[in-house]
>>> print(open('data_21.cif').read())   # mmCIF, C-alpha atoms
data_query
#
loop_
_atom_site.label_atom_id
_atom_site.label_comp_id
_atom_site.auth_asym_id
_atom_site.auth_seq_id
_atom_site.Cartn_x
_atom_site.Cartn_y
_atom_site.Cartn_z
CA MET W 1 67.41 170.88 66.56
CA VAL W 2 67.58 172.62 63.23
CA ASP W 3 71.08 173.16 62.00
CA TYR W 4 72.26 176.77 61.53
CA PHE W 5 73.22 176.16 57.89
CA GLN W 6 70.10 174.15 57.08
CA GLU W 7 67.97 176.93 58.48
CA ARG W 8 69.58 179.33 56.07
CA GLY W 9 69.14 177.04 53.11
CA PHE W 10 72.75 175.95 52.65
CA ASN W 11 73.38 172.59 51.00
CA THR W 12 75.70 169.90 52.25
CA VAL W 13 78.78 169.24 50.14
CA GLU W 14 77.21 166.16 48.55
CA ASP W 15 74.27 168.21 47.24
CA ALA W 16 76.62 170.91 46.06
CA ASP W 17 78.49 168.34 44.00
CA ARG W 18 75.27 167.15 42.47
CA SER W 19 74.18 170.61 41.44
CA ARG W 20 77.61 171.14 39.87
CA GLU W 21 77.01 167.97 37.91
CA GLU W 22 73.64 169.29 36.85
CA GLU W 23 75.23 172.56 35.84
CA LEU W 24 77.74 170.69 33.69
CA GLU W 25 74.98 168.63 32.12
CA ARG W 26 73.10 171.80 31.32
CA HIS W 27 76.13 173.26 29.56
CA ILE W 28 76.61 170.10 27.51
CA MET W 29 72.95 170.06 26.49
CA ARG W 30 73.07 173.70 25.53
CA LEU W 31 76.19 173.05 23.47
CA MET W 32 74.42 170.15 21.77
CA ALA W 33 71.44 172.35 20.99
CA ASP W 34 73.58 175.24 19.71
CA PHE W 35 75.48 172.95 17.35
CA ASN W 36 72.23 171.34 16.15
CA LEU W 37 73.35 167.95 17.41
CA PHE W 38 69.80 167.04 18.48
CA ASP W 39 68.68 167.77 14.93
CA GLU W 40 71.49 165.63 13.58
CA MET W 41 70.39 162.78 15.82
CA GLY W 42 67.01 163.13 14.13
CA MET W 43 65.24 164.03 17.39
CA PRO W 44 62.66 166.42 15.93
CA ASN W 45 61.54 163.94 13.25
CA GLN W 46 61.19 160.90 15.43
CA LEU W 47 58.21 159.58 17.26
CA ALA W 48 58.70 160.57 20.91
CA PRO W 49 59.52 157.60 23.21
CA PRO W 50 56.88 155.83 25.37
CA ALA W 51 55.60 157.35 28.58
CA SER W 52 57.42 156.07 31.65
CA PRO W 53 55.79 152.77 32.82
CA GLU W 54 55.64 154.04 36.38
CA ILE W 55 53.54 157.05 35.37
CA VAL W 56 51.29 154.88 33.20
CA ASN W 57 50.68 152.40 36.02
CA ASN W 58 49.76 155.17 38.42
CA LEU W 59 47.28 157.05 36.25
CA PRO W 60 44.02 157.66 38.12
CA GLU W 61 41.10 155.44 37.09
CA GLU W 62 37.39 155.91 36.99
CA LYS W 63 34.48 153.52 36.58
CA ILE W 64 31.83 154.54 34.09
CA GLN W 65 28.59 154.99 36.07
CA GLU W 66 26.06 155.35 33.29
CA THR W 67 25.84 154.90 29.56
CA ASN W 68 25.62 157.85 27.19
CA CYS W 69 28.49 159.80 28.67
CA GLY W 70 30.62 160.10 25.56
CA LYS W 71 33.01 157.92 23.63
CA CYS W 72 36.65 156.91 23.76
CA ASP W 73 38.55 158.87 21.12
CA ILE W 74 40.95 156.01 20.45
CA CYS W 75 38.56 153.15 19.61
CA LEU W 76 35.58 155.48 18.97
CA LYS W 77 33.25 153.22 20.98
CA GLU W 78 30.67 154.70 23.34
CA TYR W 79 31.52 154.18 26.99
CA GLU W 80 29.44 151.49 28.64
CA LYS W 81 28.51 151.08 32.28
CA ASP W 82 31.24 149.53 34.50
CA GLU W 83 34.04 150.03 31.98
CA THR W 84 37.28 151.38 33.42
CA VAL W 85 38.77 154.56 32.00
CA LYS W 86 42.11 156.19 32.79
CA ILE W 87 42.53 159.92 33.17
CA ILE W 88 45.79 161.48 32.02
CA PRO W 89 47.19 164.76 33.45
CA CYS W 90 45.55 166.95 30.77
CA LYS W 91 42.19 165.58 32.07
CA HIS W 92 41.41 163.65 28.88
CA LYS W 93 40.09 160.15 29.48
CA PHE W 94 40.20 156.97 27.43
CA HIS W 95 39.52 153.24 27.90
CA SER W 96 42.34 151.81 30.02
CA GLU W 97 43.44 149.28 27.41
CA CYS W 98 43.29 151.89 24.62
CA ILE W 99 45.41 154.54 26.35
CA ILE W 100 47.91 151.98 27.69
CA ALA W 101 48.46 150.67 24.15
CA TRP W 102 49.08 154.24 22.95
CA LEU W 103 51.33 155.38 25.83
CA THR W 104 53.56 152.32 25.52
CA LYS W 105 54.29 153.62 22.01
CA THR W 106 54.63 157.36 22.56
CA ASN W 107 54.23 159.79 25.44
CA SER W 108 51.63 162.35 24.34
CA CYS W 109 47.86 162.70 24.69
CA PRO W 110 46.14 161.49 21.48
CA LEU W 111 43.84 164.49 21.64
CA CYS W 112 45.89 167.49 22.77
CA ARG W 113 49.52 166.23 22.56
CA HIS W 114 50.21 167.07 26.21
CA GLU W 115 53.47 165.22 26.92
CA LEU W 116 53.89 162.75 29.80
CA PRO W 117 57.34 162.11 31.31
CA THR W 118 59.33 159.33 29.60
CA SER W 119 62.09 157.14 30.96
CA ASP W 120 64.46 158.08 28.13
CA PRO W 121 67.11 160.39 29.66
CA ILE W 122 68.32 161.82 26.34
CA TYR W 123 64.79 162.65 25.21
CA GLU W 124 64.05 164.29 28.56
CA GLN W 125 67.16 166.47 28.21
CA TYR W 126 66.20 167.34 24.64
CA ARG W 127 62.74 168.36 25.83
CA LYS W 128 64.14 170.49 28.66
CA GLU W 129 66.57 172.19 26.30
CA LYS W 130 63.78 172.88 23.81
CA LYS W 131 61.76 174.52 26.57
CA ARG W 132 64.76 176.55 27.74
CA GLN W 133 65.42 177.70 24.20
CA LYS W 134 61.85 178.94 23.88
CA GLU W 135 62.17 180.80 27.19
CA ARG W 136 65.43 182.35 26.02
CA GLU W 137 63.78 183.55 22.82
CA ILE W 138 60.99 185.17 24.83
CA ASP W 139 63.53 186.81 27.16
CA ILE W 140 65.49 188.22 24.23
CA GLU W 141 62.29 189.44 22.60
CA ASN W 142 61.25 191.17 25.87
CA LEU W 143 64.67 192.73 26.27
CA HIS W 144 64.58 193.97 22.70
CA ASN W 145 61.09 195.42 23.16
CA SER W 146 62.02 197.13 26.40
CA MET W 147 64.95 198.83 24.70
CA PHE W 148 63.35 199.84 21.43
CA SER W 149 59.69 200.52 22.14
CA MET O 1 43.60 142.19 10.75
CA ALA O 2 43.29 142.97 14.39
CA ASN O 3 39.73 143.52 15.48
CA ILE O 4 40.16 147.04 16.79
CA ALA O 5 41.46 148.36 13.46
CA ALA O 6 38.58 146.96 11.40
CA GLN O 7 35.97 148.02 13.95
CA ARG O 8 37.33 151.50 14.13
CA ILE O 9 37.49 151.94 10.37
CA LYS O 10 33.86 150.81 10.16
CA ARG O 11 32.85 153.48 12.67
CA GLU O 12 34.94 156.13 10.94
CA PHE O 13 33.59 155.18 7.57
CA LYS O 14 30.10 156.02 8.80
CA GLU O 15 31.39 159.25 10.35
CA VAL O 16 32.97 160.42 7.07
CA ILE O 17 29.88 159.58 5.05
CA LYS O 18 27.72 161.62 7.41
CA SER O 19 30.16 164.55 7.65
CA GLU O 20 29.33 167.94 6.22
CA GLU O 21 32.47 167.87 4.05
CA VAL O 22 31.00 164.96 2.11
CA ALA O 23 27.79 166.92 1.68
CA LYS O 24 29.87 169.73 0.19
CA CYS O 25 31.71 167.20 -2.04
CA ALA O 26 35.04 168.20 -0.49
CA ILE O 27 36.08 164.69 0.64
CA LYS O 28 34.97 161.14 -0.01
CA VAL O 29 35.96 157.59 0.99
CA GLU O 30 35.11 154.27 -0.62
CA LEU O 31 35.89 150.70 0.34
CA VAL O 32 38.27 148.78 -1.90
CA ASN O 33 37.98 145.39 -0.16
CA ASP O 34 35.59 143.82 2.32
CA ASN O 35 37.96 143.58 5.26
CA TYR O 36 38.48 147.33 5.59
CA THR O 37 42.25 147.20 5.04
CA GLU O 38 42.27 149.27 1.90
CA LEU O 39 40.23 152.30 1.00
CA LYS O 40 40.02 154.83 -1.76
CA GLY O 41 39.94 158.47 -0.74
CA GLU O 42 39.10 161.48 -2.81
CA ILE O 43 39.65 165.16 -2.11
CA ALA O 44 38.59 168.22 -4.07
CA GLY O 45 41.30 170.74 -4.92
CA PRO O 46 40.83 173.73 -2.59
CA PRO O 47 39.61 177.04 -4.07
CA ASP O 48 42.15 179.75 -4.96
CA THR O 49 44.91 177.20 -5.52
CA PRO O 50 46.25 175.68 -8.75
CA TYR O 51 44.38 172.52 -7.73
CA GLU O 52 40.93 174.14 -7.81
CA GLY O 53 38.39 172.20 -9.85
CA GLY O 54 40.42 168.99 -9.73
CA ASN O 55 39.55 165.72 -8.00
CA PHE O 56 42.45 163.88 -6.43
CA ILE O 57 42.29 160.16 -5.72
CA LEU O 58 44.21 158.67 -2.81
CA GLU O 59 45.22 155.14 -1.90
CA ILE O 60 44.69 154.49 1.82
CA LYS O 61 46.13 151.35 3.43
CA VAL O 62 45.12 150.67 7.00
CA PRO O 63 47.78 148.82 9.04
CA GLU O 64 46.82 146.08 11.50
CA THR O 65 47.99 148.30 14.32
CA TYR O 66 45.67 151.18 13.39
CA PRO O 67 44.86 153.57 15.10
CA PHE O 68 48.15 153.26 16.99
CA ASN O 69 50.01 153.67 13.71
CA PRO O 70 48.99 156.05 10.90
CA PRO O 71 47.34 154.84 7.69
CA LYS O 72 49.62 154.67 4.65
CA VAL O 73 48.39 157.23 2.15
CA ARG O 74 49.60 158.22 -1.32
CA PHE O 75 48.21 160.11 -4.28
CA ILE O 76 47.05 157.96 -7.19
CA THR O 77 46.23 161.04 -9.23
CA LYS O 78 49.41 162.65 -10.52
CA ILE O 79 49.99 166.04 -8.95
CA TRP O 80 52.62 168.83 -9.09
CA HIS O 81 53.22 169.83 -5.46
CA PRO O 82 56.43 170.33 -3.38
CA ASN O 83 55.38 167.86 -0.67
CA ILE O 84 54.11 165.11 -2.99
CA SER O 85 56.29 163.01 -5.26
CA SER O 86 55.43 163.66 -8.92
CA VAL O 87 56.63 160.10 -9.65
CA THR O 88 55.18 157.88 -6.89
CA GLY O 89 52.56 160.08 -5.23
CA ALA O 90 54.30 159.61 -1.85
CA ILE O 91 53.34 162.31 0.64
CA CYS O 92 55.57 164.19 3.07
CA LEU O 93 53.26 165.22 5.90
CA ASP O 94 54.18 165.05 9.59
CA ILE O 95 50.86 163.61 10.80
CA LEU O 96 51.34 160.61 8.50
CA LYS O 97 54.69 159.99 10.23
CA ASP O 98 55.93 161.07 13.65
CA GLN O 99 53.09 163.48 14.47
CA TRP O 100 50.33 160.89 14.17
CA ALA O 101 47.95 160.69 17.14
CA ALA O 102 45.53 157.86 17.91
CA ALA O 103 42.54 160.22 18.04
CA MET O 104 42.98 161.22 14.38
CA THR O 105 40.61 159.75 11.84
CA LEU O 106 40.25 159.25 8.09
CA ARG O 107 38.29 162.47 8.04
CA THR O 108 41.03 164.52 9.74
CA VAL O 109 43.68 162.93 7.48
CA LEU O 110 41.77 163.86 4.32
CA LEU O 111 41.17 167.40 5.61
CA SER O 112 44.88 167.74 6.48
CA LEU O 113 45.81 166.66 2.96
CA GLN O 114 43.44 169.23 1.55
CA ALA O 115 45.09 171.84 3.78
CA LEU O 116 48.48 170.70 2.47
CA LEU O 117 47.31 171.49 -1.07
CA SER O 118 46.46 175.03 0.10
CA ALA O 119 49.70 175.56 2.01
CA ALA O 120 52.78 173.78 0.69
CA GLU O 121 55.87 173.49 2.85
CA PRO O 122 58.77 173.81 0.39
CA ASP O 123 61.35 173.62 3.18
CA ASP O 124 60.32 170.06 3.94
CA PRO O 125 59.98 168.78 0.37
CA GLN O 126 59.12 165.33 -0.95
CA ASP O 127 59.88 166.33 -4.54
CA ALA O 128 63.04 168.46 -4.68
CA VAL O 129 62.51 169.55 -8.30
CA VAL O 130 59.02 170.87 -7.62
CA ALA O 131 60.10 172.52 -4.36
CA LYS O 132 62.96 174.33 -6.13
CA GLN O 133 60.59 175.66 -8.78
CA PHE O 134 58.06 176.65 -6.10
CA LYS O 135 60.69 178.77 -4.35
CA GLU O 136 62.52 180.19 -7.34
CA ASN O 137 59.83 180.64 -9.96
CA ALA O 138 56.41 180.94 -8.33
CA GLU O 139 54.60 181.88 -11.54
CA MET O 140 55.99 178.92 -13.44
CA PHE O 141 55.07 176.64 -10.54
CA HIS O 142 51.50 177.92 -10.58
CA LEU O 143 51.11 177.39 -14.34
CA THR O 144 52.63 173.91 -14.17
CA ALA O 145 50.46 172.83 -11.21
CA CYS O 146 47.33 174.15 -13.02
CA HIS O 147 48.31 172.21 -16.13
CA TRP O 148 48.79 168.94 -14.19
CA THR O 149 45.41 169.51 -12.46
CA ASN O 150 43.83 169.99 -15.89
CA ILE O 151 45.37 166.85 -17.40
CA TYR O 152 45.21 164.36 -14.50
CA ALA O 153 42.50 165.63 -12.14
CA GLY O 154 39.95 167.11 -14.52
CA GLY O 155 40.69 170.74 -13.69
CA PRO O 156 39.31 173.47 -15.96
CA SER O 157 42.34 175.52 -17.06
CA VAL O 158 43.71 174.44 -20.43
CA ASN O 159 47.19 175.64 -21.31
CA LYS O 160 47.49 175.67 -25.10
CA ASP O 161 51.17 176.56 -25.11
CA PHE O 162 52.09 173.64 -22.78
CA ASP O 163 49.87 171.21 -24.69
CA ASP O 164 51.55 172.18 -27.98
CA LYS O 165 55.04 171.66 -26.56
CA ILE O 166 54.09 168.19 -25.29
CA LYS O 167 52.54 167.34 -28.65
CA LYS O 168 55.78 168.23 -30.41
CA LEU O 169 57.77 165.91 -28.16
CA VAL O 170 55.19 163.13 -28.55
CA GLU O 171 55.53 163.46 -32.34
CA MET O 172 59.25 162.88 -31.82
CA GLY O 173 58.38 159.54 -30.19
CA VAL O 174 58.53 160.53 -26.52
CA ASP O 175 55.97 159.13 -24.05
CA GLU O 176 53.44 161.83 -23.20
CA HIS O 177 53.88 161.71 -19.43
CA GLU O 178 57.67 161.63 -19.71
CA ALA O 179 57.53 164.67 -21.96
CA ARG O 180 55.35 166.49 -19.43
CA VAL O 181 57.73 165.65 -16.56
CA ALA O 182 60.79 166.82 -18.52
CA LEU O 183 59.16 170.08 -19.61
CA SER O 184 57.76 170.74 -16.12
CA SER O 185 61.18 170.13 -14.56
CA TYR O 186 62.89 172.57 -16.95
CA ASN O 187 60.37 175.41 -16.69
CA TRP O 188 58.89 174.45 -20.10
CA ASP O 189 62.17 175.19 -21.89
CA MET O 190 61.86 173.03 -25.02
CA GLU O 191 65.58 172.89 -25.72
CA ARG O 192 66.65 171.77 -22.25
CA ALA O 193 63.80 169.26 -21.94
CA THR O 194 64.68 167.73 -25.33
CA GLU O 195 68.33 167.57 -24.38
CA GLN O 196 67.46 165.71 -21.16
CA LEU O 197 65.06 163.31 -22.89
CA PHE O 198 67.50 162.32 -25.64
CA SER O 199 70.74 162.28 -23.68
#
>>> encode(input="data_21.cif", output="structure tokens")
Amino acid sequence: MVDYFQERGFNTVEDADRSREEELERHIMRLMADFNLFDEMGMPNQLAPPASPEIVNNLPEEKIQETNCGKCDICLKEYEKDETVKIIPCKHKFHSECIIAWLTKTNSCPLCRHELPTSDPIYEQYRKEKKRQKEREIDIENLHNSMFS
Amino acid sequence: MANIAAQRIKREFKEVIKSEEVAKCAIKVELVNDNYTELKGEIAGPPDTPYEGGNFILEIKVPETYPFNPPKVRFITKIWHPNISSVTGAICLDILKDQWAAAMTLRTVLLSLQALLSAAEPDDPQDAVVAKQFKENAEMFHLTACHWTNIYAGGPSVNKDFDDKIKKLVEMGVDEHEARVALSSYNWDMERATEQLFS
């Protein structure tokens, strides 16, 4: 039987505590961003950390069926029949060994810079905060335009 | 050198030679040694910039871990630019550091450097003296950069006034390049440059 509270989307106390923790974390990150602490840590000028090993291991694979279907943009070799390629979430594909070597160094697509999740909690927070800041800027811009246009 | 680096450079080398930019004489690469670890690059100064008409030579060192790490590039030809050291030729460009991506090639690096000559970023300087002049005295920066292009890169615009000032300092026993650096750094003020050189 579905619980009355569950049905109405209420959380149990445990979950509530967790979201309070998340809320606190969010405030701390925002404070860090507002006081340029990420900048001071050198975040924007550092190579982003490697993609999380779990994500890398679970990337979908494909076997090359025929020759003449393009080249790998990392080693620049033409794909040959029966070679294995990995496809990353932005749909770009590379030789398995080539893309694994790259993603164990940094988390973005060599072609379009689409970022894969990392297992570095501080970097993930920094990335979230960067995204939130951009959204805030857009919101402020929209608000401004709605008032003055 | 790891196999992948050498093999890739070989492929890229062919790509650059066949590219349309080479046909237009905008970029060029040459081998320095047989094992593809060191190359010589060349870029033409872009039009409508103080570097127009000049040819700039670059030293390119390919690391064993290429293309997973960027090539090490610096200007051999002396150049007056906010993002390039007037002393060492070291370059401040994000794609040669943290923004490198494994799909970039010698060709895209050379084209990015050419773009850097067209659009300096004085807020992220390599040479603080040049960057300060770029921001505070744009006209003086332009004249100085033209003069350096003329002297070191074979550019066309001769600046008689600057040449005369350098000649005077050389007659006083100062090394020509040192005289040029001092005058360039002090907006071609003879008095202040002399003071700095002899203090």
>>> interface_residues(input="data_21.cif", of="chain O", to="chain W", cutoff="6 Å", atoms="all atoms listed in the file", output="PDB file with C-alpha atoms, keeping the file's coordinate frame")
ATOM      1  CA  ARG O   8      37.330 151.500  14.130  1.00  0.00           C
ATOM      2  CA  ASP O  98      55.930 161.070  13.650  1.00  0.00           C
ATOM      3  CA  ALA O 101      47.950 160.690  17.140  1.00  0.00           C
ATOM      4  CA  ALA O 102      45.530 157.860  17.910  1.00  0.00           C
ATOM      5  CA  ALA O 103      42.540 160.220  18.040  1.00  0.00           C
TER       6      ALA O 103
END
>>> atom_distance(input="data_21.cif", atom1="atom CA of O:Glu42", atom2="atom CA of O:Ile57")
4.5 Å
>>> resolve_selection(input="data_21.cif", expression="the PyMOL selection byres ((chain W and resi 82) around 10)", output="list in words")
Glu62, Lys63, Ile64, Gln65, Glu66, Thr67, Tyr79, Glu80, Lys81, Glu83, Thr84 and Val85 of chain W
>>> write_last_selection(input="data_21.cif", atoms="C-alpha atoms", output="tab-separated table (two decimals), in the frame of the given file")
chain	number	residue	atom	x	y	z
W	62	GLU	CA	37.39	155.91	36.99
W	63	LYS	CA	34.48	153.52	36.58
W	64	ILE	CA	31.83	154.54	34.09
W	65	GLN	CA	28.59	154.99	36.07
W	66	GLU	CA	26.06	155.35	33.29
W	67	THR	CA	25.84	154.90	29.56
W	79	TYR	CA	31.52	154.18	26.99
W	80	GLU	CA	29.44	151.49	28.64
W	81	LYS	CA	28.51	151.08	32.28
W	83	GLU	CA	34.04	150.03	31.98
W	84	THR	CA	37.28	151.38	33.42
W	85	VAL	CA	38.77	154.56	32.00
>>> residues_around(input="data_21.cif", residues="stretch 158-173 of chain O", least_positions_apart="4", cutoff="8 Å", atoms="all atoms listed in the file", output="ChimeraX atom specification")
/O:147,150,179-180,183,188,190,194
>>> residues_around(input="data_21.cif", residues="O:Lys135", least_positions_apart="5", cutoff="10 Å", atoms="only C-alpha atoms", output="PyMOL selection string")
chain O and resi 82+122-123+130+141
>>> resolve_selection(input="data_21.cif", expression="the PyMOL selection byres ((chain O and resi 156) around 10)", output="VMD selection string")
chain O and resid 51 to 54 146 to 147 149 to 151 153 to 155 157 to 159
>>> closest_residue(input="data_21.cif", among="O:Asn137, O:Tyr36, O:Leu117, O:Val87", to="O:Ile4", atoms="all atoms listed in the file")
O:Tyr36
>>> atom_distance(input="data_21.cif", atom1="atom CA of W:Arg26", atom2="atom CA of W:Asp120")
16.5 Å
>>> atom_distance(input="data_21.cif", atom1="atom CA of O:Ile17", atom2="atom CA of W:Gly70")
20.5 Å
>>> closest_residue(input="data_21.cif", among="W:Ile88, W:Ile100, W:Leu116, W:Met41", to="W:Pro60", atoms="all atoms listed in the file")
W:Ile88
>>> residues_near_point(input="data_21.cif", point="(47.0, 165.7, 5.4)", cutoff="10 Å", atoms="all atoms listed in the file", output="list in words")
Val73, Ile91, Cys92, Leu93, Asp94, Ile95, Leu96, Leu106, Arg107, Thr108, Val109, Leu110, Leu111, Ser112, Leu113, Gln114, Ala115, Leu116 and Leu117 of chain O
>>> write_last_selection(input="data_21.cif", atoms="C-alpha atoms", output="short mmCIF file (atom, residue, chain, number, x, y, z; two decimals), keeping the file's coordinate frame")
data_model
loop_
_atom_site.label_atom_id
_atom_site.label_comp_id
_atom_site.auth_asym_id
_atom_site.auth_seq_id
_atom_site.Cartn_x
_atom_site.Cartn_y
_atom_site.Cartn_z
CA VAL O 73 48.39 157.23 2.15
CA ILE O 91 53.34 162.31 0.64
CA CYS O 92 55.57 164.19 3.07
CA LEU O 93 53.26 165.22 5.90
CA ASP O 94 54.18 165.05 9.59
CA ILE O 95 50.86 163.61 10.80
CA LEU O 96 51.34 160.61 8.50
CA LEU O 106 40.25 159.25 8.09
CA ARG O 107 38.29 162.47 8.04
CA THR O 108 41.03 164.52 9.74
CA VAL O 109 43.68 162.93 7.48
CA LEU O 110 41.77 163.86 4.32
CA LEU O 111 41.17 167.40 5.61
CA SER O 112 44.88 167.74 6.48
CA LEU O 113 45.81 166.66 2.96
CA GLN O 114 43.44 169.23 1.55
CA ALA O 115 45.09 171.84 3.78
CA LEU O 116 48.48 170.70 2.47
CA LEU O 117 47.31 171.49 -1.07
#
>>> closest_residue(input="data_21.cif", among="O:Lys18, O:Trp80, O:Asn187, O:Pro63", to="O:Glu136", atoms="only C-alpha atoms")
O:Asn187
>>> axis_aligned_box(input="data_21.cif", around="stretch 172-185 of chain O", padding_each_side="5 Å", output="AutoDock Vina command-line options")
--center_x 57.3 --center_y 164.9 --center_z -23.2 --size_x 17.7 --size_y 21.6 --size_z 27.3
>>> resolve_selection(input="data_21.cif", expression="the PyMOL selection byres ((chain O and resi 69) around 9)", output="number ranges by chain")
O: 62-68, 70-71, 96-97, 100-102
>>> residues_around(input="data_21.cif", residues="O:Val129", least_positions_apart="4", cutoff="10 Å", atoms="only C-alpha atoms", output="list in words")
Trp80, His81, Pro82, Ser85, Ser86, Pro125, Gln133, Phe134, Ser184, Ser185 and Tyr186 of chain O
>>> write_last_selection(input="data_21.cif", atoms="C-alpha atoms", output="compact mmCIF listing (two decimals), in the frame of the given file")
# COMPACT_ATOMS: atom_id res chain seq x y z
CA TRP O 80 52.62 168.83 -9.09
CA HIS O 81 53.22 169.83 -5.46
CA PRO O 82 56.43 170.33 -3.38
CA SER O 85 56.29 163.01 -5.26
CA SER O 86 55.43 163.66 -8.92
CA PRO O 125 59.98 168.78 0.37
CA GLN O 133 60.59 175.66 -8.78
CA PHE O 134 58.06 176.65 -6.10
CA SER O 184 57.76 170.74 -16.12
CA SER O 185 61.18 170.13 -14.56
CA TYR O 186 62.89 172.57 -16.95
